[in-house]
Amino acid sequence: MGNFVCMSKKHTQNGSKSSKRFNNNNRSHRQMISEEELHLQALSMALSQRFDAGSMSRRDPDFLENIKYKRFVLLHGGGFGAWCWYKTIYLLEEAGLAPIALDLSGSGINLMDTNQVTTLDEYAKPLLDYLENLPGDDKVILVGHSTGGACISYALEKFPQKITSAIYVCATMVSDGQKPFDVFAEELGSAEQFMKESPFLIHGNGEDRPPTGFMFEKQQMKGLYFNQSLTKDIALAMVSMRPIPLGPIMEKLSLSAKKYGTGRRFFIQTLDDHALSPDVQEKLVRENPPEGVFKIKGSDHCPFFSKPQSLHKILVEIAQIP
């Protein structure tokens, strides 16, 4: 599989303090290499497990003729990375389509220090660079999971001409002037309360400075994200998750009718989701109506793990909409 992409660069800043886990000294660099190797081993084990690709995965020339744009760009949610899409990539490739998964800044195996990712523009830079470098009139189908939805919306505002469809998978499809964090207020409380009281905050620049990120403990992650996922996928996630940078999800989006508003948006609801409840997802589509809404029964917050066939079928169905 050659379609996991990490557009990374080493990020250093003299005089700044970094988190114990992702600072720029030699010890942490060796630790990160070790974690990357562990992640790759876990991903290799996961990929070695066969799963039924289903009839939708067969290469069918007639089926492909109905799809004008075959390139899918897959964006992970907070804490995840390109690795989480391995089943979706396999299924789309088997169907003759062209998926690619990106690591956002400070995510996956991107080497940027999570604590230095302070804006949505910085967080989404690998996506923005990818879209900016698309040749000619090429367009892509953009798929975003969870907080990755904010990056989709941001990209629609920046490059509406490059995106043929934007698909939000139980994602932060916020309206103009909203923060991505607002979507999770029902589960986590208000942004102000969370910033003061959450036990999961990370102070990467020192305890006397504002928090830079957060990361749930493993048991919380299992209950919130993976309540219907297979054990092997949970194991992959446990060795691969990274802290979520706070700045990007606390930033209000500025979305215009002229750019963002012209995009074709679709929303996929997950009906056994403990991180983003079905009621909250219904509220999102009611307040910011997309062109189409699809639902996956029995899916937790990670349908690429718990319901990969159902997710694949919907993605292909959206790609065929003229």
# chains A, B, ... in the order shown; residues from 1 in each chain; ligands from 1
>>> residues_around(residues="Asn227 (chain A)", least_positions_apart="4", cutoff="12 Å", atoms="only C-alpha atoms", output="VMD selection string")
chain A and resid 219 to 223 231 233 to 234 270 to 275 298 to 303 305 to 307
>>> residues_around(residues="region 146-152 of chain A", least_positions_apart="5", cutoff="9 Å", atoms="only C-alpha atoms", output="PDB file with N, CA and C atoms, in the first residue's frame")
ATOM      1  N   LEU A  75      -9.034  12.318   5.464  1.00  0.00           N
ATOM      2  CA  LEU A  75      -8.484  13.081   6.583  1.00  0.00           C
ATOM      3  C   LEU A  75      -8.945  12.481   7.904  1.00  0.00           C
ATOM      4  N   HIS A  76      -8.014  12.251   8.781  1.00  0.00           N
ATOM      5  CA  HIS A  76      -8.321  11.676  10.088  1.00  0.00           C
ATOM      6  C   HIS A  76      -8.865  12.731  11.048  1.00  0.00           C
ATOM      7  N   GLY A  77      -9.386  12.266  12.166  1.00  0.00           N
ATOM      8  CA  GLY A  77      -9.830  13.147  13.237  1.00  0.00           C
ATOM      9  C   GLY A  77      -8.726  13.389  14.251  1.00  0.00           C
ATOM     10  N   GLY A  78      -9.038  14.158  15.293  1.00  0.00           N
ATOM     11  CA  GLY A  78      -8.058  14.517  16.297  1.00  0.00           C
ATOM     12  C   GLY A  78      -7.458  13.311  17.006  1.00  0.00           C
ATOM     13  N   LEU A 104      -2.237  15.065   9.161  1.00  0.00           N
ATOM     14  CA  LEU A 104      -2.259  16.489   9.449  1.00  0.00           C
ATOM     15  C   LEU A 104      -1.075  16.832  10.352  1.00  0.00           C
ATOM     16  N   LEU A 120      -5.679  26.536  12.952  1.00  0.00           N
ATOM     17  CA  LEU A 120      -6.261  25.605  11.992  1.00  0.00           C
ATOM     18  C   LEU A 120      -5.469  25.610  10.686  1.00  0.00           C
ATOM     19  N   ASP A 121      -4.933  26.758  10.327  1.00  0.00           N
ATOM     20  CA  ASP A 121      -4.136  26.850   9.111  1.00  0.00           C
ATOM     21  C   ASP A 121      -2.877  25.988   9.227  1.00  0.00           C
ATOM     22  N   TYR A 123      -2.526  23.374  11.277  1.00  0.00           N
ATOM     23  CA  TYR A 123      -2.974  21.986  11.402  1.00  0.00           C
ATOM     24  C   TYR A 123      -3.300  21.393  10.032  1.00  0.00           C
ATOM     25  N   ALA A 124      -3.962  22.178   9.195  1.00  0.00           N
ATOM     26  CA  ALA A 124      -4.423  21.693   7.886  1.00  0.00           C
ATOM     27  C   ALA A 124      -3.388  21.872   6.782  1.00  0.00           C
ATOM     28  N   LEU A 127      -2.875  19.236   4.029  1.00  0.00           N
ATOM     29  CA  LEU A 127      -4.011  19.182   3.103  1.00  0.00           C
ATOM     30  C   LEU A 127      -3.975  20.371   2.151  1.00  0.00           C
ATOM     31  N   GLU A 157     -13.254  26.612   1.891  1.00  0.00           N
ATOM     32  CA  GLU A 157     -13.158  28.069   1.841  1.00  0.00           C
ATOM     33  C   GLU A 157     -11.921  28.512   1.058  1.00  0.00           C
ATOM     34  N   ALA A 166     -17.463  17.111  -0.525  1.00  0.00           N
ATOM     35  CA  ALA A 166     -16.900  17.087   0.821  1.00  0.00           C
ATOM     36  C   ALA A 166     -17.777  16.179   1.676  1.00  0.00           C
ATOM     37  N   ILE A 167     -17.177  15.126   2.211  1.00  0.00           N
ATOM     38  CA  ILE A 167     -17.935  14.127   2.958  1.00  0.00           C
ATOM     39  C   ILE A 167     -17.498  14.164   4.423  1.00  0.00           C
ATOM     40  N   TYR A 168     -18.437  14.464   5.299  1.00  0.00           N
ATOM     41  CA  TYR A 168     -18.179  14.562   6.736  1.00  0.00           C
ATOM     42  C   TYR A 168     -18.612  13.256   7.396  1.00  0.00           C
ATOM     43  N   VAL A 169     -17.653  12.527   7.956  1.00  0.00           N
ATOM     44  CA  VAL A 169     -17.938  11.251   8.613  1.00  0.00           C
ATOM     45  C   VAL A 169     -18.012  11.498  10.114  1.00  0.00           C
ATOM     46  N   CYS A 170     -19.227  11.516  10.656  1.00  0.00           N
ATOM     47  CA  CYS A 170     -19.473  11.895  12.064  1.00  0.00           C
ATOM     48  C   CYS A 170     -18.503  13.009  12.458  1.00  0.00           C
ATOM     49  N   ALA A 171     -18.543  14.087  11.703  1.00  0.00           N
ATOM     50  CA  ALA A 171     -17.495  15.106  11.764  1.00  0.00           C
ATOM     51  C   ALA A 171     -18.032  16.476  12.165  1.00  0.00           C
ATOM     52  N   THR A 172     -17.087  17.373  12.454  1.00  0.00           N
ATOM     53  CA  THR A 172     -17.407  18.729  12.901  1.00  0.00           C
ATOM     54  C   THR A 172     -17.773  19.611  11.708  1.00  0.00           C
ATOM     55  N   MET A 173     -18.984  19.463  11.238  1.00  0.00           N
ATOM     56  CA  MET A 173     -19.489  20.287  10.134  1.00  0.00           C
ATOM     57  C   MET A 173     -20.126  21.545  10.736  1.00  0.00           C
ATOM     58  N   VAL A 174     -19.278  22.443  11.209  1.00  0.00           N
ATOM     59  CA  VAL A 174     -19.758  23.622  11.924  1.00  0.00           C
ATOM     60  C   VAL A 174     -20.204  24.700  10.942  1.00  0.00           C
ATOM     61  N   LYS A 179     -16.763  27.192  16.597  1.00  0.00           N
ATOM     62  CA  LYS A 179     -15.516  26.475  16.845  1.00  0.00           C
ATOM     63  C   LYS A 179     -15.772  24.973  16.709  1.00  0.00           C
ATOM     64  N   PRO A 180     -14.823  24.206  16.195  1.00  0.00           N
ATOM     65  CA  PRO A 180     -14.998  22.750  16.150  1.00  0.00           C
ATOM     66  C   PRO A 180     -15.305  22.159  17.522  1.00  0.00           C
ATOM     67  N   PHE A 181     -14.714  22.726  18.573  1.00  0.00           N
ATOM     68  CA  PHE A 181     -14.942  22.202  19.923  1.00  0.00           C
ATOM     69  C   PHE A 181     -16.404  22.294  20.326  1.00  0.00           C
ATOM     70  N   PRO A 248      -6.330  24.569  17.069  1.00  0.00           N
ATOM     71  CA  PRO A 248      -7.207  24.428  15.903  1.00  0.00           C
ATOM     72  C   PRO A 248      -8.665  24.179  16.239  1.00  0.00           C
ATOM     73  N   ILE A 249      -8.954  23.422  17.304  1.00  0.00           N
ATOM     74  CA  ILE A 249     -10.358  23.114  17.596  1.00  0.00           C
ATOM     75  C   ILE A 249     -11.029  24.225  18.401  1.00  0.00           C
ATOM     76  N   LEU A 253     -14.348  29.345  12.836  1.00  0.00           N
ATOM     77  CA  LEU A 253     -14.186  29.292  11.382  1.00  0.00           C
ATOM     78  C   LEU A 253     -14.905  30.459  10.720  1.00  0.00           C
ATOM     79  N   LEU A 276     -19.667  11.457  19.595  1.00  0.00           N
ATOM     80  CA  LEU A 276     -20.514  12.463  18.966  1.00  0.00           C
ATOM     81  C   LEU A 276     -21.888  11.826  18.807  1.00  0.00           C
ATOM     82  N   HIS A 301     -17.769   5.645  16.821  1.00  0.00           N
ATOM     83  CA  HIS A 301     -17.224   6.887  16.265  1.00  0.00           C
ATOM     84  C   HIS A 301     -16.207   6.632  15.157  1.00  0.00           C
ATOM     85  N   CYS A 302     -15.845   5.365  14.948  1.00  0.00           N
ATOM     86  CA  CYS A 302     -14.828   5.020  13.951  1.00  0.00           C
ATOM     87  C   CYS A 302     -15.375   3.998  12.962  1.00  0.00           C
TER      88      CYS A 302
END
>>> select_by_dssp(residues="region 40-245 of chain A", states="strand (DSSP E or B)", output="ChimeraX atom specification")
/A:71-75,98-102,140-145,163-169,201-202,213-214,244-245
>>> select_by_dssp(residues="region 95-164 of chain A", states="alpha helix (DSSP H)", output="ChimeraX atom specification")
/A:120-123,125-132,148-158
>>> write_last_selection(atoms="N, CA, C and O atoms", output="PDB file, in the first residue's frame")
ATOM      1  N   LEU A 120      -5.679  26.536  12.952  1.00  0.00           N
ATOM      2  CA  LEU A 120      -6.261  25.605  11.992  1.00  0.00           C
ATOM      3  C   LEU A 120      -5.469  25.610  10.686  1.00  0.00           C
ATOM      4  O   LEU A 120      -5.322  24.572  10.032  1.00  0.00           O
ATOM      5  N   ASP A 121      -4.933  26.758  10.327  1.00  0.00           N
ATOM      6  CA  ASP A 121      -4.136  26.850   9.111  1.00  0.00           C
ATOM      7  C   ASP A 121      -2.877  25.988   9.227  1.00  0.00           C
ATOM      8  O   ASP A 121      -2.496  25.296   8.279  1.00  0.00           O
ATOM      9  N   GLU A 122      -2.241  26.002  10.387  1.00  0.00           N
ATOM     10  CA  GLU A 122      -1.054  25.166  10.608  1.00  0.00           C
ATOM     11  C   GLU A 122      -1.433  23.681  10.614  1.00  0.00           C
ATOM     12  O   GLU A 122      -0.739  22.853  10.034  1.00  0.00           O
ATOM     13  N   TYR A 123      -2.526  23.374  11.277  1.00  0.00           N
ATOM     14  CA  TYR A 123      -2.974  21.986  11.402  1.00  0.00           C
ATOM     15  C   TYR A 123      -3.300  21.393  10.032  1.00  0.00           C
ATOM     16  O   TYR A 123      -2.956  20.252   9.726  1.00  0.00           O
ATOM     17  N   LYS A 125      -2.189  22.328   7.110  1.00  0.00           N
ATOM     18  CA  LYS A 125      -1.196  22.646   6.075  1.00  0.00           C
ATOM     19  C   LYS A 125      -0.911  21.480   5.121  1.00  0.00           C
ATOM     20  O   LYS A 125      -0.815  21.705   3.901  1.00  0.00           O
ATOM     21  N   PRO A 126      -0.748  20.242   5.595  1.00  0.00           N
ATOM     22  CA  PRO A 126      -0.514  19.154   4.631  1.00  0.00           C
ATOM     23  C   PRO A 126      -1.638  19.016   3.610  1.00  0.00           C
ATOM     24  O   PRO A 126      -1.387  18.740   2.428  1.00  0.00           O
ATOM     25  N   LEU A 127      -2.875  19.236   4.029  1.00  0.00           N
ATOM     26  CA  LEU A 127      -4.011  19.182   3.103  1.00  0.00           C
ATOM     27  C   LEU A 127      -3.975  20.371   2.151  1.00  0.00           C
ATOM     28  O   LEU A 127      -4.162  20.206   0.932  1.00  0.00           O
ATOM     29  N   LEU A 128      -3.745  21.562   2.679  1.00  0.00           N
ATOM     30  CA  LEU A 128      -3.728  22.758   1.835  1.00  0.00           C
ATOM     31  C   LEU A 128      -2.607  22.672   0.796  1.00  0.00           C
ATOM     32  O   LEU A 128      -2.793  23.054  -0.359  1.00  0.00           O
ATOM     33  N   ASP A 129      -1.450  22.168   1.214  1.00  0.00           N
ATOM     34  CA  ASP A 129      -0.336  22.006   0.265  1.00  0.00           C
ATOM     35  C   ASP A 129      -0.700  21.008  -0.828  1.00  0.00           C
ATOM     36  O   ASP A 129      -0.386  21.216  -2.003  1.00  0.00           O
ATOM     37  N   TYR A 130      -1.356  19.937  -0.433  1.00  0.00           N
ATOM     38  CA  TYR A 130      -1.753  18.913  -1.408  1.00  0.00           C
ATOM     39  C   TYR A 130      -2.716  19.506  -2.436  1.00  0.00           C
ATOM     40  O   TYR A 130      -2.546  19.304  -3.642  1.00  0.00           O
ATOM     41  N   LEU A 131      -3.725  20.237  -1.981  1.00  0.00           N
ATOM     42  CA  LEU A 131      -4.717  20.805  -2.890  1.00  0.00           C
ATOM     43  C   LEU A 131      -4.090  21.878  -3.788  1.00  0.00           C
ATOM     44  O   LEU A 131      -4.391  21.956  -4.982  1.00  0.00           O
ATOM     45  N   GLU A 132      -3.207  22.671  -3.207  1.00  0.00           N
ATOM     46  CA  GLU A 132      -2.568  23.733  -3.985  1.00  0.00           C
ATOM     47  C   GLU A 132      -1.722  23.168  -5.124  1.00  0.00           C
ATOM     48  O   GLU A 132      -1.602  23.770  -6.190  1.00  0.00           O
ATOM     49  N   GLY A 148     -11.556  16.315  11.890  1.00  0.00           N
ATOM     50  CA  GLY A 148     -11.062  16.542  10.530  1.00  0.00           C
ATOM     51  C   GLY A 148     -12.086  17.255   9.668  1.00  0.00           C
ATOM     52  O   GLY A 148     -11.745  17.814   8.619  1.00  0.00           O
ATOM     53  N   GLY A 149     -13.344  17.252  10.095  1.00  0.00           N
ATOM     54  CA  GLY A 149     -14.377  17.975   9.372  1.00  0.00           C
ATOM     55  C   GLY A 149     -14.095  19.461   9.285  1.00  0.00           C
ATOM     56  O   GLY A 149     -14.422  20.118   8.294  1.00  0.00           O
ATOM     57  N   ALA A 150     -13.485  20.016  10.341  1.00  0.00           N
ATOM     58  CA  ALA A 150     -13.140  21.440  10.325  1.00  0.00           C
ATOM     59  C   ALA A 150     -12.113  21.728   9.240  1.00  0.00           C
ATOM     60  O   ALA A 150     -12.153  22.784   8.593  1.00  0.00           O
ATOM     61  N   CYS A 151     -11.191  20.796   9.012  1.00  0.00           N
ATOM     62  CA  CYS A 151     -10.190  20.965   7.954  1.00  0.00           C
ATOM     63  C   CYS A 151     -10.837  20.922   6.579  1.00  0.00           C
ATOM     64  O   CYS A 151     -10.423  21.642   5.657  1.00  0.00           O
ATOM     65  N   ILE A 152     -11.862  20.076   6.422  1.00  0.00           N
ATOM     66  CA  ILE A 152     -12.606  20.038   5.153  1.00  0.00           C
ATOM     67  C   ILE A 152     -13.255  21.392   4.889  1.00  0.00           C
ATOM     68  O   ILE A 152     -13.167  21.955   3.796  1.00  0.00           O
ATOM     69  N   SER A 153     -13.935  21.920   5.905  1.00  0.00           N
ATOM     70  CA  SER A 153     -14.614  23.213   5.745  1.00  0.00           C
ATOM     71  C   SER A 153     -13.606  24.312   5.428  1.00  0.00           C
ATOM     72  O   SER A 153     -13.850  25.170   4.572  1.00  0.00           O
ATOM     73  N   TYR A 154     -12.478  24.275   6.114  1.00  0.00           N
ATOM     74  CA  TYR A 154     -11.422  25.266   5.885  1.00  0.00           C
ATOM     75  C   TYR A 154     -10.905  25.161   4.455  1.00  0.00           C
ATOM     76  O   TYR A 154     -10.671  26.176   3.785  1.00  0.00           O
ATOM     77  N   ALA A 155     -10.735  23.928   3.968  1.00  0.00           N
ATOM     78  CA  ALA A 155     -10.261  23.720   2.601  1.00  0.00           C
ATOM     79  C   ALA A 155     -11.295  24.167   1.577  1.00  0.00           C
ATOM     80  O   ALA A 155     -10.936  24.706   0.515  1.00  0.00           O
ATOM     81  N   LEU A 156     -12.575  23.945   1.872  1.00  0.00           N
ATOM     82  CA  LEU A 156     -13.634  24.412   0.970  1.00  0.00           C
ATOM     83  C   LEU A 156     -13.600  25.931   0.823  1.00  0.00           C
ATOM     84  O   LEU A 156     -13.900  26.471  -0.245  1.00  0.00           O
ATOM     85  N   GLU A 157     -13.254  26.612   1.891  1.00  0.00           N
ATOM     86  CA  GLU A 157     -13.158  28.069   1.841  1.00  0.00           C
ATOM     87  C   GLU A 157     -11.921  28.512   1.058  1.00  0.00           C
ATOM     88  O   GLU A 157     -11.950  29.543   0.379  1.00  0.00           O
ATOM     89  N   LYS A 158     -10.849  27.729   1.131  1.00  0.00           N
ATOM     90  CA  LYS A 158      -9.590  28.090   0.467  1.00  0.00           C
ATOM     91  C   LYS A 158      -9.540  27.643  -0.996  1.00  0.00           C
ATOM     92  O   LYS A 158      -9.058  28.372  -1.867  1.00  0.00           O
TER      93      LYS A 158
END
>>> atom_distance(atom1="CA of Lys283 (chain A)", atom2="CA of Phe266 (chain A)")
14.4 Å
>>> residues_around(residues="Ile141 (chain A)", least_positions_apart="4", cutoff="10 Å", atoms="only C-alpha atoms", output="list in words")
Tyr69, Lys70, Arg71, Phe72, Val73, Leu74, Pro99, Lys162, Ile163, Thr164, Ser165, Ala166, Ile167, Arg264, Leu315, Ile318 and Ala319 of chain A
>>> atom_distance(atom1="CA of Leu201 (chain A)", atom2="CA of Pro243 (chain A)")
9.3 Å
>>> atom_distance(atom1="CA of Gly177 (chain A)", atom2="CA of Ser254 (chain A)")
5.7 Å
>>> decode(residues="region 78-119 of chain A", atoms="N, CA and C atoms", output="mmCIF file, in the first residue's frame")
data_model
loop_
_atom_site.group_PDB
_atom_site.id
_atom_site.type_symbol
_atom_site.label_atom_id
_atom_site.label_comp_id
_atom_site.auth_asym_id
_atom_site.auth_seq_id
_atom_site.Cartn_x
_atom_site.Cartn_y
_atom_site.Cartn_z
ATOM 1 N N GLY A 78 -9.038 14.158 15.293
ATOM 2 C CA GLY A 78 -8.058 14.517 16.297
ATOM 3 C C GLY A 78 -7.458 13.311 17.006
ATOM 4 N N GLY A 79 -6.133 13.269 17.069
ATOM 5 C CA GLY A 79 -5.434 12.179 17.724
ATOM 6 C C GLY A 79 -5.124 11.009 16.810
ATOM 7 N N PHE A 80 -5.856 10.888 15.714
ATOM 8 C CA PHE A 80 -5.656 9.788 14.767
ATOM 9 C C PHE A 80 -4.580 10.177 13.745
ATOM 10 N N GLY A 81 -4.436 9.351 12.724
ATOM 11 C CA GLY A 81 -3.492 9.622 11.649
ATOM 12 C C GLY A 81 -3.943 8.895 10.405
ATOM 13 N N ALA A 82 -3.162 8.992 9.347
ATOM 14 C CA ALA A 82 -3.504 8.324 8.086
ATOM 15 C C ALA A 82 -3.718 6.830 8.281
ATOM 16 N N TRP A 83 -3.047 6.256 9.282
ATOM 17 C CA TRP A 83 -3.129 4.813 9.556
ATOM 18 C C TRP A 83 -4.553 4.315 9.773
ATOM 19 N N CYS A 84 -5.437 5.165 10.281
ATOM 20 C CA CYS A 84 -6.783 4.699 10.649
ATOM 21 C C CYS A 84 -7.632 4.324 9.436
ATOM 22 N N TRP A 85 -7.223 4.736 8.229
ATOM 23 C CA TRP A 85 -8.011 4.508 7.024
ATOM 24 C C TRP A 85 -7.611 3.238 6.283
ATOM 25 N N TYR A 86 -6.845 2.348 6.895
ATOM 26 C CA TYR A 86 -6.261 1.253 6.109
ATOM 27 C C TYR A 86 -7.317 0.368 5.452
ATOM 28 N N LYS A 87 -8.434 0.105 6.115
ATOM 29 C CA LYS A 87 -9.482 -0.725 5.509
ATOM 30 C C LYS A 87 -10.168 0.016 4.362
ATOM 31 N N THR A 88 -10.452 1.286 4.577
ATOM 32 C CA THR A 88 -11.112 2.095 3.545
ATOM 33 C C THR A 88 -10.230 2.216 2.303
ATOM 34 N N ILE A 89 -8.941 2.416 2.504
ATOM 35 C CA ILE A 89 -8.016 2.503 1.377
ATOM 36 C C ILE A 89 -8.004 1.193 0.597
ATOM 37 N N TYR A 90 -7.942 0.095 1.315
ATOM 38 C CA TYR A 90 -7.933 -1.212 0.654
ATOM 39 C C TYR A 90 -9.195 -1.403 -0.192
ATOM 40 N N LEU A 91 -10.348 -1.107 0.363
ATOM 41 C CA LEU A 91 -11.612 -1.313 -0.343
ATOM 42 C C LEU A 91 -11.730 -0.394 -1.563
ATOM 43 N N LEU A 92 -11.348 0.865 -1.408
ATOM 44 C CA LEU A 92 -11.430 1.801 -2.531
ATOM 45 C C LEU A 92 -10.462 1.412 -3.644
ATOM 46 N N GLU A 93 -9.265 0.996 -3.269
ATOM 47 C CA GLU A 93 -8.310 0.559 -4.284
ATOM 48 C C GLU A 93 -8.808 -0.672 -5.030
ATOM 49 N N GLU A 94 -9.372 -1.623 -4.296
ATOM 50 C CA GLU A 94 -9.897 -2.829 -4.920
ATOM 51 C C GLU A 94 -11.030 -2.502 -5.891
ATOM 52 N N ALA A 95 -11.735 -1.410 -5.641
ATOM 53 C CA ALA A 95 -12.819 -0.989 -6.534
ATOM 54 C C ALA A 95 -12.313 -0.202 -7.731
ATOM 55 N N GLY A 96 -10.987 0.027 -7.803
ATOM 56 C CA GLY A 96 -10.421 0.748 -8.934
ATOM 57 C C GLY A 96 -10.345 2.245 -8.737
ATOM 58 N N LEU A 97 -10.542 2.699 -7.509
ATOM 59 C CA LEU A 97 -10.496 4.124 -7.214
ATOM 60 C C LEU A 97 -9.117 4.498 -6.678
ATOM 61 N N ALA A 98 -8.896 5.792 -6.416
ATOM 62 C CA ALA A 98 -7.555 6.277 -6.074
ATOM 63 C C ALA A 98 -7.578 7.033 -4.747
ATOM 64 N N PRO A 99 -7.544 6.306 -3.626
ATOM 65 C CA PRO A 99 -7.550 6.972 -2.319
ATOM 66 C C PRO A 99 -6.146 7.343 -1.857
ATOM 67 N N ILE A 100 -6.068 8.392 -1.057
ATOM 68 C CA ILE A 100 -4.823 8.773 -0.398
ATOM 69 C C ILE A 100 -5.195 9.318 0.977
ATOM 70 N N ALA A 101 -4.445 8.941 1.993
ATOM 71 C CA ALA A 101 -4.688 9.411 3.356
ATOM 72 C C ALA A 101 -3.535 10.300 3.788
ATOM 73 N N LEU A 102 -3.848 11.452 4.356
ATOM 74 C CA LEU A 102 -2.830 12.415 4.774
ATOM 75 C C LEU A 102 -2.710 12.462 6.289
ATOM 76 N N ASP A 103 -1.518 12.714 6.775
ATOM 77 C CA ASP A 103 -1.290 13.043 8.176
ATOM 78 C C ASP A 103 -1.348 14.557 8.320
ATOM 79 N N LEU A 104 -2.237 15.065 9.161
ATOM 80 C CA LEU A 104 -2.259 16.489 9.449
ATOM 81 C C LEU A 104 -1.075 16.832 10.352
ATOM 82 N N SER A 105 -0.790 18.106 10.519
ATOM 83 C CA SER A 105 0.383 18.534 11.281
ATOM 84 C C SER A 105 0.321 18.027 12.717
ATOM 85 N N GLY A 106 1.427 17.428 13.169
ATOM 86 C CA GLY A 106 1.496 16.918 14.530
ATOM 87 C C GLY A 106 0.717 15.645 14.739
ATOM 88 N N SER A 107 0.364 14.955 13.654
ATOM 89 C CA SER A 107 -0.469 13.753 13.735
ATOM 90 C C SER A 107 0.204 12.598 13.002
ATOM 91 N N GLY A 108 -0.211 11.375 13.367
ATOM 92 C CA GLY A 108 0.360 10.216 12.701
ATOM 93 C C GLY A 108 1.870 10.189 12.856
ATOM 94 N N ILE A 109 2.580 10.130 11.734
ATOM 95 C CA ILE A 109 4.045 10.151 11.782
ATOM 96 C C ILE A 109 4.606 11.487 11.294
ATOM 97 N N ASN A 110 3.740 12.506 11.230
ATOM 98 C CA ASN A 110 4.217 13.854 10.949
ATOM 99 C C ASN A 110 5.079 14.304 12.131
ATOM 100 N N LEU A 111 6.258 14.848 11.855
ATOM 101 C CA LEU A 111 7.232 15.133 12.907
ATOM 102 C C LEU A 111 7.017 16.461 13.626
ATOM 103 N N MET A 112 6.037 17.230 13.216
ATOM 104 C CA MET A 112 5.824 18.515 13.886
ATOM 105 C C MET A 112 5.364 18.292 15.323
ATOM 106 N N ASP A 113 5.903 19.074 16.230
ATOM 107 C CA ASP A 113 5.533 19.005 17.640
ATOM 108 C C ASP A 113 4.078 19.428 17.807
ATOM 109 N N THR A 114 3.272 18.553 18.366
ATOM 110 C CA THR A 114 1.845 18.851 18.554
ATOM 111 C C THR A 114 1.642 20.160 19.308
ATOM 112 N N ASN A 115 2.506 20.434 20.265
ATOM 113 C CA ASN A 115 2.357 21.632 21.093
ATOM 114 C C ASN A 115 2.598 22.923 20.311
ATOM 115 N N GLN A 116 3.184 22.824 19.137
ATOM 116 C CA GLN A 116 3.455 24.001 18.312
ATOM 117 C C GLN A 116 2.382 24.215 17.241
ATOM 118 N N VAL A 117 1.391 23.338 17.195
ATOM 119 C CA VAL A 117 0.287 23.493 16.232
ATOM 120 C C VAL A 117 -0.789 24.330 16.902
ATOM 121 N N THR A 118 -0.843 25.611 16.588
ATOM 122 C CA THR A 118 -1.703 26.535 17.327
ATOM 123 C C THR A 118 -2.887 27.071 16.534
ATOM 124 N N THR A 119 -2.884 26.887 15.218
ATOM 125 C CA THR A 119 -3.978 27.416 14.390
ATOM 126 C C THR A 119 -4.497 26.332 13.442
#
